[in-house]
Amino acid sequence: MAWRIITAFLLSLIAFALWAATTQTITEPNALGSEYTTVTEVIDGDTIVVSSGETVRLIGIDTPELYEGANAECFATEAKSRTVQLLASKKIRLVRDVSDLDKYERLLRYVYIDDPLSSITEETSINEILVQEGYAVAKSYPPNTTLSETLEQLEEQSKEQGLGLWSSCR
């Protein structure tokens, strides 16, 4: 009789483990796809160059475009300046979502500060900060959508508060 109880318990435990494994939703980017590097250049509000010489596109967001001359989109200069302030010469952690590269051969990554002295926690991506402060809009680029819901919520908050481009560009 005891072996039947133990067998039933073990089968229940296995069934629960299988259920839990198949119903888990991903809420954070894949930390196994992390790499550490240093920012060497900020091209615009959502594009940087790292020490390997590779160009990185911050995924899940879109900042106003910088064009040569006076044709820059509204708030593009401010968005680039904020990205410079956050990332210039900083050691960062790049985290991949699903796709590795975009059609322009840029790395697609969430960017995290790797600096214990920073006031930015290591759990908050720069992608999120730029949207939260109104320097970027949330823009979903499937299949890279792990943080899409969070970014969309942050955009709504910054819009409601009239932050950044939401107060300057109407």
# chains A, B, ... in the order shown; residues from 1 in each chain; ligands from 1
$ select_by_dssp --residues "chain A" --states "strand (DSSP E)" --output "JSON, numbers by chain"
{"A": [34, 35, 36, 37, 38, 39, 40, 41, 42, 43, 44, 47, 48, 49, 50, 55, 56, 57, 58, 61, 62, 91, 92, 93, 94, 95, 107, 108, 109, 110, 111, 112, 113, 137, 138]}
$ atom_distance --atom1 "CA of Arg106 in chain A" --atom2 "CA of Ala138 in chain A"
18.8 Å
$ select_by_dssp --residues "chain A" --states "alpha helix (DSSP H)" --output "VMD selection string"
chain A and resid 2 to 23 76 to 87 126 to 132 148 to 161 165 to 168
$ closest_residue --among "A:Thr124, A:Ser34, A:Gln132, A:Asn144" --to "Gly162 in chain A" --atoms "only C-alpha atoms"
A:Gln132
$ residues_around --residues "Lys91 in chain A" --least-positions-apart "5" --cutoff "6 Å" --atoms "only C-alpha atoms" --output "ChimeraX atom specification"
/A:37-38,114
$ residues_around --residues "Gly45 in chain A" --least-positions-apart "4" --cutoff "6 Å" --atoms "only C-alpha atoms" --output "PyMOL selection string"
chain A and resi 63+79-80+83
$ write_last_selection --atoms "N, CA and C atoms" --output "mmCIF file, in the first residue's frame"
data_model
loop_
_atom_site.group_PDB
_atom_site.id
_atom_site.type_symbol
_atom_site.label_atom_id
_atom_site.label_comp_id
_atom_site.auth_asym_id
_atom_site.auth_seq_id
_atom_site.Cartn_x
_atom_site.Cartn_y
_atom_site.Cartn_z
ATOM 1 N N THR A 63 13.376 55.871 -31.369
ATOM 2 C CA THR A 63 13.588 57.279 -31.036
ATOM 3 C C THR A 63 13.498 58.097 -32.321
ATOM 4 N N ALA A 79 17.003 62.996 -27.615
ATOM 5 C CA ALA A 79 17.053 61.538 -27.415
ATOM 6 C C ALA A 79 18.492 61.040 -27.509
ATOM 7 N N LYS A 80 19.232 61.533 -28.487
ATOM 8 C CA LYS A 80 20.638 61.126 -28.594
ATOM 9 C C LYS A 80 21.417 61.600 -27.377
ATOM 10 N N THR A 83 20.809 59.334 -24.457
ATOM 11 C CA THR A 83 21.495 58.051 -24.635
ATOM 12 C C THR A 83 22.987 58.209 -24.379
#
$ atom_distance --atom1 "CA of Tyr112 in chain A" --atom2 "CA of Arg93 in chain A"
5.0 Å
$ closest_residue --among "A:Arg82, A:Ser125, A:Ser99, A:Asp62" --to "Val137 in chain A" --atoms "only C-alpha atoms"
A:Asp62
$ closest_residue --among "A:Thr77, A:Ser51, A:Asn127, A:Thr121" --to "Ser148 in chain A" --atoms "only C-alpha atoms"
A:Asn127
$ atom_distance --atom1 "CA of Tyr67 in chain A" --atom2 "CA of Leu94 in chain A"
26.4 Å
$ closest_residue --among "A:Pro143, A:Pro116, A:Gly134, A:Gly53" --to "Arg96 in chain A" --atoms "only C-alpha atoms"
A:Pro143
$ closest_residue --among "A:Ala70, A:Ile59, A:Glu65, A:Tyr141" --to "Ile43 in chain A" --atoms "only C-alpha atoms"
A:Glu65
$ closest_residue --among "A:Thr55, A:Glu149, A:Phe75, A:Asp102" --to "Trp166 in chain A" --atoms "only C-alpha atoms"
A:Phe75
